[in-house]
Amino acid sequence: VRRELSRGLNFNRPSPLEVHCAEQFLAMIGRADMVKFTKDGSTADTAAVKLARAYTGRKRVALCADHPFFSYDDWFIGTTGVPGGTLPEDVSFTSTFRYNDLASLQAVFDRHPGEIACVMLEAERNVPPAPGFLHRVQALARAHGALLVLDEMITGFRWDRAGAAQVHDLTPDLSTWGKALANGFALSALAGRRDVMELGGIRDARERVFTLSTTHGAESVGLVAAQATMNVYAQEPVIEHLYRQGARLRAGLQQAAVAAGVADRFTISGRDCALFYGTLDHEGQPSQPMRTLLLQEILRRGILAPSFMVSYSHSDADIDYTIDAVAAALPTYRRALEAGSTAGLLVGPPVKPVYRRFN
Ligand SMILES: Cc1ncc(COP(=O)(O)O)c(C=O)c1O
């Protein structure tokens with residue numbers, strides 16, 4: 001990145017770096033013919049929807065309602081209960097289905113025959129896929145002429161170098177990538193089947209799609225950071241490390257929860273490489289005050305953890321330190337459970353859900 005900075009950041013024509021990065025990326029993920037780089041996950045997911053609509057000549061999008069974030073654009077954010085600034089007519093073309101509930105997706109197809117442009121989901125978050133679920137989603141989309149869009153923002157370069165599609169042997173028509181792709185530098189990607197992607201290019205005779213506009217989309221620092229990242233993935237056991245440290249962390253956290261007598265109220269879920277935690281109250285309901293209490297108590301011990309995603313830089317000592325911090329926090333958590341309230345234990349107001357209509 002430092003070397004590239006001295007050669008220039010942003011040019012008025014594509015740089016060869018963009019082609020080299022694209023080739024390296026496509027070779028690493030397999031399952032896609034073309035890629036277009038951009039800067040954020042939202043823009044990549046919105047571009048996928050746009051291409052799917054143009055390709056199929058259909059308007060409606062079917063989204064997995066259990067996956068919390070795809071895009072800040074209206075077609076998604078309008079479904080979340082934060083309607084400010086969005087157009088209801090845009091959202092009216094979005095339908096939702098539930099994860100691990102094929103019937104709910106079938107119902108969307110039944111309600112809107114011939115109208116679904118694409119089905120969009122992540123492969124998994126904290127609940128594992130029921131046997132066959134993901135393949136049935138793929139088959140259902142295909143059977144109805146809809147494209148399958150797999151959001152690999154979190155799973156990509158984490159579950160596997162080639163993402164969750166590799167783990168589950170899925171062949172999405174389009175997939176979107178970001179986050180780990182450039183190891184924190186700004187880069188995201190829309191990848192997919194040539195005949196769909198070409199719609200957004202300059203070689204195709206079909207009606208054009210203005211897929212993405214990005215002043216900084218192919219800025220060289222993001223691209224070279226992605227190349228450097230992919231080089232590390234190719235040469236070093238990054239994925240293995242994530243699974244190993246995640247398994248160690250999961251085991252330690254679960255042990256700490258058992259030792260504190262809160263194992264049914266402080267729960268660990270997700271794959272080892274991408275752990276989430278649940279904070280339930282004394283009645284077993286998800287609780288923002290309990291979450292805040294846990295965050296507060298681990299923060300006191302130097303850990304900030306909205307989830308428990310490990311990284312390649314986390315050593316055994318880091319994992320053990322995290323486990324110790326949680327173990328030290330859990331007696332206070334237990335006190336709140338026993339009292340049936342966090343009253344007197346929180347130093348500030350509880351955290352609020354992201355999707356709320358008013359502050
Ligand atoms: C799964 C997933 N998709 C899409 C996005 C949107 O990405 P961005 O915030 O870069 O627009 C996110 C962001 O957190 C995400 O986690």
# chains A, B, ... in the order shown; residues from 1 in each chain; ligands from 1
>>> residues_near_ligand(ligand="ligand 1", cutoff="7 Å", atoms="only C-alpha atoms and all ligand atoms", output="PyMOL selection string")
chain A and resi 40-43+45+69-72+122+151-154
>>> closest_residue(among="A:Leu105, A:Ile323, A:Val347, A:Leu17", to="A:Cys64", atoms="only C-alpha atoms")
A:Leu105
>>> select_by_dssp(residues="stretch 283-314 of chain A", states="helix (DSSP H, G or I)", output="mmCIF file with C-alpha atoms, in the first residue's frame")
data_model
loop_
_atom_site.group_PDB
_atom_site.id
_atom_site.type_symbol
_atom_site.label_atom_id
_atom_site.label_comp_id
_atom_site.auth_asym_id
_atom_site.auth_seq_id
_atom_site.Cartn_x
_atom_site.Cartn_y
_atom_site.Cartn_z
ATOM 1 C CA GLN A 288 -30.540 -4.910 25.268
ATOM 2 C CA PRO A 289 -29.918 -3.998 28.953
ATOM 3 C CA MET A 290 -28.282 -7.395 29.520
ATOM 4 C CA ARG A 291 -26.218 -6.923 26.374
ATOM 5 C CA THR A 292 -25.174 -3.501 27.602
ATOM 6 C CA LEU A 293 -24.198 -4.931 30.968
ATOM 7 C CA LEU A 294 -22.007 -7.554 29.347
ATOM 8 C CA LEU A 295 -20.447 -4.987 26.990
ATOM 9 C CA GLN A 296 -19.831 -2.645 29.917
ATOM 10 C CA GLU A 297 -18.197 -5.296 32.044
ATOM 11 C CA ILE A 298 -15.896 -6.616 29.336
ATOM 12 C CA LEU A 299 -15.074 -3.071 28.255
#
>>> select_by_dssp(residues="stretch 12-47 of chain A", states="strand (DSSP E or B)", output="number ranges by chain")
A: 34-38
>>> residues_around(residues="A:Phe308", least_positions_apart="3", cutoff="9 Å", atoms="only C-alpha atoms", output="VMD selection string")
chain A and resid 246 249 to 250 268 273 to 277 305
